[in-house]
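Participant: The structure follows.
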Amino acid sequence: MHDSTAARTEGIEALLELYPTVNLLVDAGYQGLARDHPDQVSAPPLEPRPNAPAERHTEWQIARTAQSSQRIPVEHAIAEHKWWRVLQRFTGRRELLPDTINAVAGLVSDRSSGLTW
């Protein structure tokens, strides 16, 4: 599902209004959400036009890198879950997906904490 579609259909905007103290760091797919909720949602800055001054491109690169550095631990955590074959090709019933994700999350958590059985 595209990020903007998820924001509309999954109720992200409603949750932001319900919890005004929550802040989100999002990727470029959520530019509209960041525009609509500037105090809560931080998206990477828009890339300057090719004819913009060189210092504007430098400022953009620094700001984009800073925002990306804050998001990278979460992106890695999400990617680790996607490595599991059961989530790569989930063909089960849609209502079972949350339980499957929770089971994989438990396994990932146990594996990354160094627990042995």
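Residues are named by chain letter and number: chains run A, B, ... in the order of the structure tokens, numbers start at 1 in each chain, and ligands are numbered from 1 in the order shown.
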Name the residues in contact with His57 (chain A) at a cut-off of 12 Å, using only C-alpha atoms, excluding same-chain residues fewer than 5 positions from it; report them as a VMD selection string.

Facilitator: chain A and resid 45 to 52 62 to 64

Participant: For the residues in the current selection, export N, CA and C atoms as a PDB file, in the first residue's frame.

Facilitator:
```
ATOM      1  N   PRO A  45      13.023  17.363   3.843  1.00  0.00           N
ATOM      2  CA  PRO A  45      12.741  18.561   3.053  1.00  0.00           C
ATOM      3  C   PRO A  45      12.660  18.222   1.566  1.00  0.00           C
ATOM      4  N   LEU A  46      11.882  19.020   0.859  1.00  0.00           N
ATOM      5  CA  LEU A  46      11.771  18.817  -0.578  1.00  0.00           C
ATOM      6  C   LEU A  46      13.072  19.199  -1.266  1.00  0.00           C
ATOM      7  N   GLU A  47      13.426  18.440  -2.285  1.00  0.00           N
ATOM      8  CA  GLU A  47      14.661  18.712  -3.024  1.00  0.00           C
ATOM      9  C   GLU A  47      14.509  20.023  -3.792  1.00  0.00           C
ATOM     10  N   PRO A  48      15.532  20.878  -3.737  1.00  0.00           N
ATOM     11  CA  PRO A  48      15.441  22.142  -4.475  1.00  0.00           C
ATOM     12  C   PRO A  48      15.488  21.901  -5.981  1.00  0.00           C
ATOM     13  N   ARG A  49      14.986  22.844  -6.714  1.00  0.00           N
ATOM     14  CA  ARG A  49      15.012  22.761  -8.178  1.00  0.00           C
ATOM     15  C   ARG A  49      16.449  22.789  -8.677  1.00  0.00           C
ATOM     16  N   PRO A  50      16.701  22.222  -9.853  1.00  0.00           N
ATOM     17  CA  PRO A  50      18.075  22.179 -10.371  1.00  0.00           C
ATOM     18  C   PRO A  50      18.731  23.554 -10.524  1.00  0.00           C
ATOM     19  N   ASN A  51      17.929  24.587 -10.770  1.00  0.00           N
ATOM     20  CA  ASN A  51      18.513  25.916 -10.951  1.00  0.00           C
ATOM     21  C   ASN A  51      18.632  26.710  -9.642  1.00  0.00           C
ATOM     22  N   ALA A  52      18.365  26.056  -8.506  1.00  0.00           N
ATOM     23  CA  ALA A  52      18.506  26.724  -7.202  1.00  0.00           C
ATOM     24  C   ALA A  52      19.987  26.957  -6.918  1.00  0.00           C
ATOM     25  N   ILE A  62      22.237  18.532   3.879  1.00  0.00           N
ATOM     26  CA  ILE A  62      22.506  18.448   5.325  1.00  0.00           C
ATOM     27  C   ILE A  62      21.217  18.141   6.086  1.00  0.00           C
ATOM     28  N   ALA A  63      20.129  18.834   5.747  1.00  0.00           N
ATOM     29  CA  ALA A  63      18.852  18.618   6.437  1.00  0.00           C
ATOM     30  C   ALA A  63      18.305  17.224   6.157  1.00  0.00           C
ATOM     31  N   ARG A  64      18.429  16.752   4.918  1.00  0.00           N
ATOM     32  CA  ARG A  64      17.948  15.426   4.548  1.00  0.00           C
ATOM     33  C   ARG A  64      18.731  14.341   5.281  1.00  0.00           C
TER      34      ARG A  64
END
```

Participant: Name all residues at most 7 Å from region 9-23 of chain A (count only C-alpha atoms; drop same-chain ones fewer than 3 positions away) and give them as a ChimeraX atom specification.

Facilitator: /A:5-6,40-41

Participant: As number ranges by chain, which residues of chain A does DSSP assign to strand (DSSP E or B)?

Facilitator: A: 24-25, 41-42

Participant: Write a file of the just-selected residues containing N, CA and C atoms, as an mmCIF file, in the first residue's frame.

Facilitator:
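Output below, filename again.cif:
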```
data_model
loop_
_atom_site.group_PDB
_atom_site.id
_atom_site.type_symbol
_atom_site.label_atom_id
_atom_site.label_comp_id
_atom_site.auth_asym_id
_atom_site.auth_seq_id
_atom_site.Cartn_x
_atom_site.Cartn_y
_atom_site.Cartn_z
ATOM 1 N N LEU A 24 5.990 12.394 14.740
ATOM 2 C CA LEU A 24 6.391 11.358 13.796
ATOM 3 C C LEU A 24 7.533 11.844 12.913
ATOM 4 N N LEU A 25 8.477 10.955 12.659
ATOM 5 C CA LEU A 25 9.496 11.160 11.630
ATOM 6 C C LEU A 25 9.109 10.244 10.488
ATOM 7 N N VAL A 41 4.386 16.093 12.508
ATOM 8 C CA VAL A 41 4.981 15.216 11.502
ATOM 9 C C VAL A 41 6.162 15.915 10.838
ATOM 10 N N SER A 42 7.294 15.233 10.829
ATOM 11 C CA SER A 42 8.504 15.768 10.215
ATOM 12 C C SER A 42 8.903 14.876 9.044
#
```

Participant: Using only C-alpha atoms for the distances, tell me which of A:Gly106, A:Arg71, A:Tyr30, A:Pro38 is nearest to Arg8 (chain A).

Facilitator: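 That would be A:Tyr30, the residue with the smallest distance to Arg8 (chain A).
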
Participant: Find the distance between CA of Ala28 (chain A) and CA of His76 (chain A) and write it in Å to one decimal.

Facilitator: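 About the pair CA of Ala28 (chain A) and CA of His76 (chain A): they are 16.9 Å apart.
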
Participant: Which neighbours of Gln88 (chain A) fall inside 12 Å, counting only C-alpha atoms, when residues of the same chain fewer than 3 positions from it are skipped, and could you give them as a list of chain:residue names?

Facilitator: A:Ala79, A:Glu80, A:His81, A:Lys82, A:Trp83, A:Trp84, A:Arg85, A:Thr91, A:Gly92, A:Leu97, A:Thr100, A:Ile101, A:Val104

Participant: Please dump the current selection as a compact mmCIF listing (two decimals), in the first residue's frame; keep C-alpha atoms.

Facilitator:
```txt
# COMPACT_ATOMS: atom_id res chain seq x y z
CA ALA A 79 13.52 -4.35 7.49
CA GLU A 80 14.52 -7.09 9.91
CA HIS A 81 10.90 -8.21 10.18
CA LYS A 82 10.56 -8.24 6.40
CA TRP A 83 13.39 -10.77 6.13
CA TRP A 84 11.11 -13.45 7.51
CA ARG A 85 9.67 -15.50 4.65
CA THR A 91 -1.02 -15.61 1.75
CA GLY A 92 -3.12 -16.28 4.82
CA LEU A 97 -1.78 -10.97 9.75
CA THR A 100 1.58 -13.34 12.56
CA ILE A 101 3.42 -10.02 12.77
CA VAL A 104 7.60 -12.69 14.19
```

Participant: If you run DSSP over the backbone, which residues in chain A end up helix (DSSP H, G or I)? Put them as an MDAnalysis selection string.

Facilitator: chainID A and resid 3:9 12:18 28:36 54:82 85:88 94:113

Participant: Any idea what the distance is between CA of Ala34 (chain A) and CA of Ala66 (chain A)?

Facilitator: 16.6 Å
